[in-house]
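Engineer: So I've got this file, protein_20.cif, and it contains mmCIF, C-alpha atoms:
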```
data_entry
loop_
_atom_site.group_PDB
_atom_site.id
_atom_site.type_symbol
_atom_site.label_atom_id
_atom_site.label_comp_id
_atom_site.auth_asym_id
_atom_site.auth_seq_id
_atom_site.Cartn_x
_atom_site.Cartn_y
_atom_site.Cartn_z
ATOM 1 C CA MET A 103 -19.816 -17.037 -30.126
ATOM 2 C CA ASN A 104 -18.018 -19.005 -27.457
ATOM 3 C CA ILE A 105 -15.520 -16.893 -25.527
ATOM 4 C CA LYS A 106 -13.418 -18.807 -23.034
ATOM 5 C CA PRO A 107 -12.789 -17.174 -19.658
ATOM 6 C CA VAL A 108 -9.359 -15.659 -19.293
ATOM 7 C CA GLU A 109 -7.452 -16.560 -16.165
ATOM 8 C CA ILE A 110 -4.295 -15.656 -14.251
ATOM 9 C CA LYS A 111 -3.552 -18.025 -11.402
ATOM 10 C CA THR A 112 -0.661 -18.345 -8.942
ATOM 11 C CA ASP A 113 -0.276 -19.807 -5.436
ATOM 12 C CA ASP A 114 -1.184 -16.404 -3.957
ATOM 13 C CA TYR A 115 -3.994 -15.119 -6.176
ATOM 14 C CA SER A 116 -6.398 -15.875 -9.005
ATOM 15 C CA ILE A 117 -8.017 -13.511 -11.454
ATOM 16 C CA TRP A 118 -10.482 -14.633 -14.079
ATOM 17 C CA TYR A 119 -13.116 -13.177 -16.380
ATOM 18 C CA GLU A 120 -16.570 -14.610 -16.916
ATOM 19 C CA PRO A 121 -18.061 -13.205 -20.115
ATOM 20 C CA GLU A 122 -21.597 -14.469 -19.298
ATOM 21 C CA SER A 123 -21.842 -12.075 -16.364
ATOM 22 C CA SER A 124 -19.302 -9.502 -17.653
ATOM 23 C CA THR A 125 -17.479 -9.964 -14.359
ATOM 24 C CA ALA A 126 -13.792 -10.120 -13.486
ATOM 25 C CA PHE A 127 -13.154 -11.985 -10.233
ATOM 26 C CA PHE A 128 -10.179 -11.388 -7.929
ATOM 27 C CA GLN A 129 -9.186 -13.790 -5.148
ATOM 28 C CA GLY A 130 -6.341 -14.133 -2.649
ATOM 29 C CA PHE A 131 -3.358 -11.922 -1.807
ATOM 30 C CA LEU A 132 -2.105 -9.531 -4.457
ATOM 31 C CA ARG A 133 1.052 -7.523 -3.789
ATOM 32 C CA LEU A 134 3.167 -7.404 -6.903
ATOM 33 C CA ASP A 135 6.364 -5.398 -7.250
ATOM 34 C CA GLY A 136 5.239 -2.126 -8.816
ATOM 35 C CA MET A 137 2.935 -1.157 -11.663
ATOM 36 C CA ALA A 138 4.908 -3.018 -14.342
ATOM 37 C CA GLU A 139 4.173 -6.351 -12.672
ATOM 38 C CA TYR A 140 0.461 -5.553 -12.796
ATOM 39 C CA GLN A 141 0.468 -5.144 -16.587
ATOM 40 C CA PRO A 142 -0.838 -8.682 -17.390
ATOM 41 C CA ILE A 143 -3.779 -8.129 -15.031
ATOM 42 C CA MET A 144 -4.418 -4.709 -16.528
ATOM 43 C CA ASN A 145 -4.354 -6.300 -20.004
ATOM 44 C CA LEU A 146 -6.908 -8.898 -18.927
ATOM 45 C CA LEU A 147 -9.251 -6.186 -17.654
ATOM 46 C CA VAL A 148 -8.798 -3.900 -20.646
ATOM 47 C CA SER A 149 -9.467 -6.659 -23.180
ATOM 48 C CA ALA A 150 -12.512 -7.785 -21.189
ATOM 49 C CA ILE A 151 -14.207 -4.374 -21.470
ATOM 50 C CA GLU A 152 -13.750 -4.116 -25.228
ATOM 51 C CA GLU A 153 -17.156 -5.521 -26.095
ATOM 52 C CA SER A 154 -19.039 -4.502 -22.953
ATOM 53 C CA ASP A 155 -21.372 -1.723 -22.022
ATOM 54 C CA SER A 156 -21.443 -2.869 -18.420
ATOM 55 C CA PHE A 157 -18.655 -4.439 -16.392
ATOM 56 C CA ASN A 158 -18.272 -5.764 -12.852
ATOM 57 C CA VAL A 159 -15.098 -6.232 -10.843
ATOM 58 C CA ASN A 160 -15.715 -8.652 -7.985
ATOM 59 C CA LEU A 161 -13.091 -8.063 -5.275
ATOM 60 C CA LYS A 162 -14.942 -9.708 -2.356
ATOM 61 C CA ASP A 163 -12.426 -12.533 -1.931
ATOM 62 C CA LEU A 164 -9.351 -10.386 -2.515
ATOM 63 C CA GLU A 165 -7.987 -10.274 1.021
ATOM 64 C CA PHE A 166 -4.968 -8.087 0.335
ATOM 65 C CA LEU A 167 -4.050 -5.518 -2.318
ATOM 66 C CA ASN A 168 -0.931 -3.371 -2.056
ATOM 67 C CA SER A 169 -0.804 0.264 -3.123
ATOM 68 C CA SER A 170 0.604 -0.650 -6.556
ATOM 69 C CA GLY A 171 -2.515 -2.761 -7.018
ATOM 70 C CA ILE A 172 -4.715 0.149 -5.951
ATOM 71 C CA SER A 173 -2.858 2.241 -8.546
ATOM 72 C CA MET A 174 -3.601 -0.448 -11.150
ATOM 73 C CA LEU A 175 -7.313 -0.311 -10.272
ATOM 74 C CA SER A 176 -7.260 3.490 -10.537
ATOM 75 C CA MET A 177 -5.649 3.195 -13.949
ATOM 76 C CA PHE A 178 -8.393 0.804 -15.030
ATOM 77 C CA VAL A 179 -11.115 3.127 -13.719
ATOM 78 C CA VAL A 180 -9.649 5.987 -15.774
ATOM 79 C CA ARG A 181 -9.591 3.747 -18.894
ATOM 80 C CA VAL A 182 -13.285 3.016 -18.356
ATOM 81 C CA ARG A 183 -13.987 6.692 -17.737
ATOM 82 C CA GLU A 184 -12.271 7.572 -21.038
ATOM 83 C CA ARG A 185 -14.416 5.044 -22.917
ATOM 84 C CA GLY A 186 -17.363 6.948 -21.517
ATOM 85 C CA ASN A 187 -20.094 4.395 -22.258
ATOM 86 C CA ILE A 188 -19.492 1.616 -19.724
ATOM 87 C CA GLN A 189 -21.371 1.154 -16.480
ATOM 88 C CA LEU A 190 -18.687 0.010 -14.044
ATOM 89 C CA VAL A 191 -19.532 -1.743 -10.773
ATOM 90 C CA LEU A 192 -16.933 -2.590 -8.108
ATOM 91 C CA GLN A 193 -18.176 -5.305 -5.771
ATOM 92 C CA GLY A 194 -16.531 -5.354 -2.352
ATOM 93 C CA SER A 195 -16.936 -6.931 1.062
ATOM 94 C CA GLU A 196 -17.545 -5.126 4.337
ATOM 95 C CA LYS A 197 -15.421 -7.826 5.960
ATOM 96 C CA VAL A 198 -12.212 -7.002 4.100
ATOM 97 C CA LEU A 199 -10.528 -3.965 5.628
ATOM 98 C CA TRP A 200 -8.614 -2.557 2.631
ATOM 99 C CA GLN A 201 -11.832 -2.541 0.614
ATOM 100 C CA THR A 202 -13.691 -0.567 3.275
ATOM 101 C CA LYS A 203 -10.742 1.870 3.465
ATOM 102 C CA SER A 204 -9.637 2.425 -0.116
ATOM 103 C CA LEU A 205 -12.321 1.559 -2.684
ATOM 104 C CA LYS A 206 -14.319 4.730 -2.087
ATOM 105 C CA ASN A 207 -11.418 6.786 -3.426
ATOM 106 C CA LEU A 208 -11.821 5.232 -6.871
ATOM 107 C CA GLN A 209 -15.292 6.751 -7.010
ATOM 108 C CA ARG A 210 -13.651 10.160 -6.770
ATOM 109 C CA LEU A 211 -11.987 9.434 -10.121
ATOM 110 C CA MET A 212 -15.303 8.467 -11.709
ATOM 111 C CA PRO A 213 -18.445 9.557 -9.870
ATOM 112 C CA SER A 214 -20.679 7.316 -12.031
ATOM 113 C CA LEU A 215 -18.814 4.272 -10.702
ATOM 114 C CA THR A 216 -21.051 2.056 -8.543
ATOM 115 C CA LEU A 217 -19.676 0.535 -5.335
ATOM 116 C CA GLU A 218 -21.594 -2.437 -3.989
ATOM 117 C CA PHE A 219 -20.662 -3.723 -0.552
ATOM 118 C CA SER A 220 -21.982 -6.972 0.813
ATOM 119 C CA SER A 221 -21.282 -8.568 4.181
ATOM 120 C CA MET B 154 11.386 20.889 10.316
ATOM 121 C CA VAL B 155 14.356 20.378 12.593
ATOM 122 C CA GLN B 156 17.673 20.788 10.884
ATOM 123 C CA THR B 157 21.229 20.321 11.999
ATOM 124 C CA ASN B 158 24.206 19.919 9.718
ATOM 125 C CA ASP B 159 23.491 16.364 8.777
ATOM 126 C CA ILE B 160 20.059 15.472 10.220
ATOM 127 C CA HIS B 161 16.756 16.579 8.706
ATOM 128 C CA THR B 162 13.576 15.723 10.562
ATOM 129 C CA PHE B 163 9.986 16.164 9.365
ATOM 130 C CA GLY B 164 6.514 15.507 10.735
ATOM 131 C CA ASP B 165 5.865 13.488 13.903
ATOM 132 C CA PHE B 166 9.346 12.111 14.377
ATOM 133 C CA LEU B 167 10.425 11.242 17.909
ATOM 134 C CA ALA B 168 14.160 11.154 18.580
ATOM 135 C CA ALA B 169 13.409 8.582 21.304
ATOM 136 C CA VAL B 170 10.424 6.245 21.133
ATOM 137 C CA PRO B 171 8.612 5.907 24.517
ATOM 138 C CA ALA B 172 9.475 2.761 26.468
ATOM 139 C CA SER B 173 7.316 -0.184 25.497
ATOM 140 C CA GLU B 174 7.212 -3.636 27.028
ATOM 141 C CA GLU B 175 6.266 -5.246 23.755
ATOM 142 C CA TYR B 176 8.232 -4.734 20.598
ATOM 143 C CA LEU B 177 9.516 -6.800 17.721
ATOM 144 C CA THR B 178 12.309 -6.070 15.232
ATOM 145 C CA LEU B 179 12.954 -7.714 11.861
ATOM 146 C CA ASN B 180 16.148 -7.088 9.893
ATOM 147 C CA PHE B 181 16.444 -7.761 6.180
ATOM 148 C CA SER B 182 19.357 -7.768 3.843
ATOM 149 C CA PRO B 183 18.410 -5.360 1.053
ATOM 150 C CA ALA B 184 19.322 -8.093 -1.505
ATOM 151 C CA LEU B 185 18.323 -6.016 -4.496
ATOM 152 C CA ALA B 186 19.777 -8.501 -6.935
ATOM 153 C CA LEU B 187 17.376 -11.050 -5.495
ATOM 154 C CA ARG B 188 14.464 -8.627 -5.175
ATOM 155 C CA LYS B 189 12.220 -10.591 -7.541
ATOM 156 C CA GLN B 190 12.737 -13.849 -5.655
ATOM 157 C CA ARG B 191 12.464 -12.223 -2.239
ATOM 158 C CA TRP B 192 9.445 -10.037 -2.992
ATOM 159 C CA ARG B 193 6.951 -12.605 -1.760
ATOM 160 C CA ASN B 194 8.859 -12.903 1.537
ATOM 161 C CA TYR B 195 8.279 -9.217 2.292
ATOM 162 C CA GLY B 196 4.522 -9.779 2.169
ATOM 163 C CA LEU B 197 4.831 -12.818 4.409
ATOM 164 C CA SER B 198 6.842 -10.765 6.931
ATOM 165 C CA ALA B 199 4.158 -8.065 6.925
ATOM 166 C CA ASP B 200 1.457 -10.696 7.517
ATOM 167 C CA PHE B 201 3.494 -12.129 10.365
ATOM 168 C CA LEU B 202 3.742 -8.691 12.014
ATOM 169 C CA GLY B 203 -0.028 -8.290 11.586
ATOM 170 C CA ASP B 204 -0.753 -11.654 13.206
ATOM 171 C CA TYR B 205 1.767 -11.073 15.993
ATOM 172 C CA PHE B 206 0.414 -7.697 17.095
ATOM 173 C CA ALA B 207 -3.256 -8.590 16.556
ATOM 174 C CA ALA B 208 -2.852 -11.331 19.167
ATOM 175 C CA PHE B 209 -2.547 -8.643 21.889
ATOM 176 C CA PHE B 210 -6.023 -7.292 21.129
ATOM 177 C CA PRO B 211 -9.413 -8.761 22.016
ATOM 178 C CA GLY B 212 -11.895 -9.554 19.282
ATOM 179 C CA GLU B 213 -14.605 -7.121 20.385
ATOM 180 C CA THR B 214 -16.865 -5.559 17.786
ATOM 181 C CA LEU B 215 -16.139 -2.026 16.644
ATOM 182 C CA PRO B 216 -18.808 0.612 15.954
ATOM 183 C CA ASN B 217 -19.814 0.935 12.272
ATOM 184 C CA SER B 218 -17.668 -2.011 11.233
ATOM 185 C CA LYS B 219 -18.206 -5.649 10.319
ATOM 186 C CA ILE B 220 -14.572 -6.342 11.237
ATOM 187 C CA ASP B 221 -13.699 -6.880 14.901
ATOM 188 C CA ARG B 222 -10.838 -5.097 16.665
ATOM 189 C CA ARG B 223 -8.323 -7.933 16.408
ATOM 190 C CA ASN B 224 -8.865 -8.396 12.680
ATOM 191 C CA THR B 225 -8.772 -4.638 12.132
ATOM 192 C CA VAL B 226 -5.371 -4.451 13.858
ATOM 193 C CA LYS B 227 -4.164 -7.458 11.868
ATOM 194 C CA ALA B 228 -5.158 -6.057 8.477
ATOM 195 C CA THR B 229 -3.959 -2.529 9.253
ATOM 196 C CA VAL B 230 -0.550 -3.610 10.589
ATOM 197 C CA SER B 231 -0.120 -5.960 7.662
ATOM 198 C CA TYR B 232 -0.957 -3.244 5.095
ATOM 199 C CA ILE B 233 1.265 -0.597 6.684
ATOM 200 C CA ALA B 234 4.199 -2.943 7.346
ATOM 201 C CA ASN B 235 4.019 -4.221 3.758
ATOM 202 C CA GLU B 236 4.032 -0.721 2.267
ATOM 203 C CA LEU B 237 6.907 0.387 4.526
ATOM 204 C CA ILE B 238 8.995 -2.689 3.674
ATOM 205 C CA GLU B 239 8.256 -2.376 -0.074
ATOM 206 C CA ASN B 240 9.358 1.280 -0.021
ATOM 207 C CA ALA B 241 12.484 0.541 2.034
ATOM 208 C CA VAL B 242 13.493 -2.183 -0.441
ATOM 209 C CA LYS B 243 12.761 -0.022 -3.493
ATOM 210 C CA TYR B 244 14.785 2.904 -2.181
ATOM 211 C CA SER B 245 17.740 1.008 -0.770
ATOM 212 C CA ASP B 246 20.875 1.344 -2.827
ATOM 213 C CA GLU B 247 22.489 -1.910 -3.790
ATOM 214 C CA ALA B 248 25.939 -0.359 -3.706
ATOM 215 C CA PHE B 249 25.648 -0.139 0.091
ATOM 216 C CA PRO B 250 24.825 -3.520 1.608
ATOM 217 C CA LEU B 251 23.312 -2.106 4.790
ATOM 218 C CA PRO B 252 20.328 -3.788 6.424
ATOM 219 C CA ILE B 253 16.712 -2.687 6.410
ATOM 220 C CA SER B 254 15.330 -2.776 9.945
ATOM 221 C CA ILE B 255 11.678 -2.539 11.003
ATOM 222 C CA THR B 256 10.536 -2.374 14.641
ATOM 223 C CA LEU B 257 6.971 -2.237 15.929
ATOM 224 C CA PHE B 258 6.376 -0.900 19.449
ATOM 225 C CA LEU B 259 3.096 -1.705 21.165
ATOM 226 C CA TYR B 260 1.265 0.632 23.584
ATOM 227 C CA GLU B 261 -2.176 0.431 25.130
ATOM 228 C CA SER B 262 -4.026 1.967 22.195
ATOM 229 C CA LYS B 263 -1.221 2.741 19.793
ATOM 230 C CA ILE B 264 1.430 1.060 17.659
ATOM 231 C CA ILE B 265 4.584 2.853 16.489
ATOM 232 C CA PHE B 266 6.379 1.524 13.417
ATOM 233 C CA GLN B 267 9.986 2.501 12.815
ATOM 234 C CA ILE B 268 11.807 1.445 9.656
ATOM 235 C CA THR B 269 15.315 2.325 8.532
ATOM 236 C CA ASN B 270 16.971 1.879 5.179
ATOM 237 C CA TYR B 271 20.005 3.356 3.420
ATOM 238 C CA SER B 272 19.502 5.292 0.236
ATOM 239 C CA ASN B 273 21.814 7.091 -2.183
ATOM 240 C CA LEU B 274 21.820 10.910 -2.090
ATOM 241 C CA PRO B 275 19.497 11.566 -5.077
ATOM 242 C CA GLY B 276 17.033 9.013 -3.715
ATOM 243 C CA GLY B 277 17.082 10.690 -0.311
ATOM 244 C CA GLU B 278 16.621 14.139 -1.866
ATOM 245 C CA ASN B 279 13.647 13.030 -3.972
ATOM 246 C CA TYR B 280 12.046 11.493 -0.940
ATOM 247 C CA GLN B 281 12.550 14.676 1.108
ATOM 248 C CA ALA B 282 10.946 16.731 -1.653
ATOM 249 C CA PHE B 283 7.904 14.449 -1.626
ATOM 250 C CA VAL B 284 7.703 14.617 2.179
ATOM 251 C CA GLN B 285 7.628 18.406 1.936
ATOM 252 C CA ALA B 286 4.874 18.209 -0.688
ATOM 253 C CA ILE B 287 2.835 16.025 1.688
ATOM 254 C CA LEU B 288 3.356 18.350 4.644
ATOM 255 C CA ASN B 289 2.475 21.466 2.612
ATOM 256 C CA SER B 290 -0.771 20.223 1.121
ATOM 257 C CA ASP B 291 -4.185 18.926 2.049
ATOM 258 C CA PRO B 292 -3.619 15.150 2.155
ATOM 259 C CA SER B 293 -7.007 14.347 0.694
ATOM 260 C CA GLU B 294 -6.467 16.698 -2.280
ATOM 261 C CA LEU B 295 -2.925 15.432 -2.827
ATOM 262 C CA TYR B 296 -4.271 11.873 -2.762
ATOM 263 C CA LEU B 297 -6.764 12.577 -5.528
ATOM 264 C CA GLN B 298 -4.194 14.473 -7.616
ATOM 265 C CA GLN B 299 -1.674 11.696 -7.220
ATOM 266 C CA LEU B 300 -4.254 8.975 -7.917
ATOM 267 C CA GLU B 301 -5.231 10.770 -11.126
ATOM 268 C CA LYS B 302 -1.541 11.148 -12.089
ATOM 269 C CA THR B 303 -0.849 7.495 -11.314
ATOM 270 C CA ALA B 304 -3.901 6.429 -13.280
ATOM 271 C CA MET B 305 -2.521 8.324 -16.284
ATOM 272 C CA GLY B 306 0.735 6.403 -15.846
ATOM 273 C CA ALA B 307 2.905 9.088 -14.259
ATOM 274 C CA GLY B 308 2.495 8.749 -10.529
ATOM 275 C CA GLY B 309 5.418 6.631 -9.456
ATOM 276 C CA SER B 310 5.069 4.803 -6.189
ATOM 277 C CA SER B 311 3.869 7.589 -3.925
ATOM 278 C CA MET B 312 0.406 6.054 -3.476
ATOM 279 C CA GLY B 313 1.676 3.835 -0.655
ATOM 280 C CA LEU B 314 2.354 6.773 1.673
ATOM 281 C CA LEU B 315 -0.833 8.555 0.683
ATOM 282 C CA THR B 316 -3.051 5.511 1.261
ATOM 283 C CA MET B 317 -1.539 5.006 4.738
ATOM 284 C CA ILE B 318 -2.127 8.664 5.645
ATOM 285 C CA ASN B 319 -5.593 9.033 4.111
ATOM 286 C CA ASP B 320 -7.191 5.636 4.396
ATOM 287 C CA TYR B 321 -5.619 4.400 7.653
ATOM 288 C CA SER B 322 -5.117 7.765 9.444
ATOM 289 C CA ALA B 323 -1.436 6.976 10.002
ATOM 290 C CA GLN B 324 0.688 9.858 11.332
ATOM 291 C CA PHE B 325 4.150 10.061 9.808
ATOM 292 C CA GLY B 326 7.558 11.305 10.835
ATOM 293 C CA TRP B 327 10.766 11.121 8.807
ATOM 294 C CA GLN B 328 14.457 11.514 9.509
ATOM 295 C CA PHE B 329 17.188 11.797 6.903
ATOM 296 C CA GLN B 330 20.661 11.469 8.339
ATOM 297 C CA ALA B 331 23.957 11.713 6.496
ATOM 298 C CA SER B 332 26.213 8.747 7.121
ATOM 299 C CA HIS B 333 29.418 9.334 9.021
ATOM 300 C CA HIS B 334 31.040 6.461 7.198
ATOM 301 C CA ASN B 335 30.091 7.205 3.618
ATOM 302 C CA PRO B 336 29.158 10.638 2.216
ATOM 303 C CA GLU B 337 27.206 8.963 -0.601
ATOM 304 C CA VAL B 338 24.727 7.345 1.784
ATOM 305 C CA VAL B 339 21.750 8.721 3.643
ATOM 306 C CA GLN B 340 20.049 6.816 6.437
ATOM 307 C CA VAL B 341 16.270 7.170 6.037
ATOM 308 C CA THR B 342 14.104 6.457 9.082
ATOM 309 C CA VAL B 343 10.330 6.508 8.777
ATOM 310 C CA MET B 344 8.139 6.547 11.877
ATOM 311 C CA VAL B 345 4.421 5.776 11.742
ATOM 312 C CA HIS B 346 2.014 6.359 14.626
ATOM 313 C CA LEU B 347 -1.139 4.293 14.443
ATOM 314 C CA GLU B 348 -4.039 4.549 16.894
ATOM 315 C CA VAL B 349 -5.594 1.126 17.413
#
```
Spit out the file's structure as structure tokens when you get a sec.
Structural biologist:
Amino acid sequence: MNIKPVEIKTDDYSIWYEPESSTAFFQGFLRLDGMAEYQPIMNLLVSAIEESDSFNVNLKDLEFLNSSGISMLSMFVVRVRERGNIQLVLQGSEKVLWQTKSLKNLQRLMPSLTLEFSS
Amino acid sequence: MVQTNDIHTFGDFLAAVPASEEYLTLNFSPALALRKQRWRNYGLSADFLGDYFAAFFPGETLPNSKIDRRNTVKATVSYIANELIENAVKYSDEAFPLPISITLFLYESKIIFQITNYSNLPGGENYQAFVQAILNSDPSELYLQQLEKTAMGAGGSSMGLLTMINDYSAQFGWQFQASHHNPEVVQVTVMVHLEV
């Protein structure tokens, strides 16, 4: 089966899914106007986990995420938690401040969530 | 809480900000009708404030961090300014075309943010109720509760304030002041103290 990667791309940010590695990649500056504006990204993530038992979200090159975006990630984490059978890994960078500040809170929603930080 | 007839003050709100040699003010038209088109500009303004104030700090390494002091100031100011501007825009009332104003004051190891917008009365009352909830609870517990609520689709936009308080150790003060000109309007001023 050949599944094409799904992609959302603007001048400010790109998000795409690579089925081979079960990884969603985020890049750029993401500060949309409220949760409703994040729905297409949420849809991309939710459809990507449908067939998976493990899933990675690579945020290393996401330089900025506003609080609505953090809310969107928390919503996704709870969706994964409700599925109950997915190993979720969030990949962050020690060089991006918001990731060092805020990602750990998502683990409080789902203790089995793995956080991987690289420099 | 300090309360007179038409001024309500909460948290670390200073009636007069200490004198500072370096400060910068940006004024925005609330432009709610154009909010969608302008949204990207708010982020650019926040990044500009981050770059501007980071330039006053040297790039020395910080303990337990891979991000140097200048870049830490830049990212923190940019995050906080963006959240404050987003909130001020969201809670401005388009019936009252009064400007949003944000000023950053620089001190030796501290930045004070002050942002003012004009809200309608129900908006101001809801905000005051949330401020009281913040002041009467353990911020870390409230954060988790609110994150869980938001994740279930019912949290509203309160995560901005809670991330600034919890993740960036920002100290907040608020002032709600009835307008002398229009009884339907409340002037909301938010003050954020950030150690840098």
Engineer: Do me a favour and pick out the residues of chain B within 9 Å of chain A, using only C-alpha atoms, as a PyMOL selection string.
Structural biologist: chain B and resi 188-189+192-193+196+218-220+224-225+228-229+232+235-236+239+296-297+300-301+303-306+308-314+316+319-321
Engineer: What is the distance between atom CA of B:Ile318 and atom CA of A:Asn158, in Å to one decimal?
Structural biologist: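 So the two atoms, atom CA of B:Ile318 and atom CA of A:Asn158, lie 28.5 Å apart.
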Engineer: Which is closest to B:Ser198 among B:Ile233, B:Phe249, B:Ala168, B:Arg223, if we use all atoms listed in the file?
Structural biologist: B:Ile233
Engineer: Nearest to A:Lys162 among A:Leu146, A:Ala138, A:Leu217, A:Met212, with distances taken over all atoms listed in the file: which residue is it?
Structural biologist: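 The answer is A:Leu217, which sits nearest to A:Lys162.
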Engineer: To one decimal in Å, tell me the separation between atom CA of A:Gln189 and atom CA of A:Leu215.
Structural biologist: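 Going from atom CA of A:Gln189 over to atom CA of A:Leu215, I get 7.0 Å.
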Engineer: Report as a Markdown table the residues of stretch 193-259 of chain B within 12 Å of stretch 279-295 of chain B, each with its shortest atom pair and distance in Å (one decimal), using all atoms listed in the file, ordered by chain and increasing residue number.
Structural biologist:
```
| residue | atom | partner | partner_atom | distance |
| --- | --- | --- | --- | --- |
| B:Asn240 | CA | B:Tyr280 | CA | 10.6 |
| B:Ala241 | CA | B:Tyr280 | CA | 11.4 |
| B:Lys243 | CA | B:Tyr280 | CA | 11.8 |
| B:Tyr244 | CA | B:Tyr280 | CA | 9.1 |
| B:Ser245 | CA | B:Tyr280 | CA | 11.9 |
```
Engineer: Can you list, as a PyMOL selection string, the residues that the PyMOL selection byres ((chain A and resi 120) around 12) selects here?
Structural biologist: chain A and resi 104-109+117-119+121-128+146-147+150-151+157-160
Engineer: Quick check on the file I pasted: which residues fall under the PyMOL selection byres ((chain B and resi 324) around 10)? Write them as a PyMOL selection string.
Structural biologist: chain B and resi 164-166+265+317-319+321-323+325-326+344-348
Engineer: For the structure provided, state which residues fall under the PyMOL selection byres ((chain B and resi 248) around 12), and present them as a list in words.
Structural biologist: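 Against this file, the PyMOL selection byres ((chain B and resi 248) around 12) returns the residues Pro183, Ala184, Leu185, Ala186, Tyr244, Ser245, Asp246, Glu247, Phe249, Pro250, Leu251, Tyr271, Ser272, Asn273, Asn335, Glu337 and Val338 of chain B.
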Engineer: Mind pulling up the distance from atom CA of B:Leu177 to atom CA of B:Thr256?
Structural biologist: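 Here the two named atoms are 5.5 Å from each other.
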Engineer: Select, from B:Tyr195, B:Phe163, B:Tyr176, B:Trp327, the residue with the minimum atom-to-atom distance to B:Phe209, counting only C-alpha atoms.
Structural biologist: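 Closest residue, counting only C-alpha atoms: B:Tyr176.
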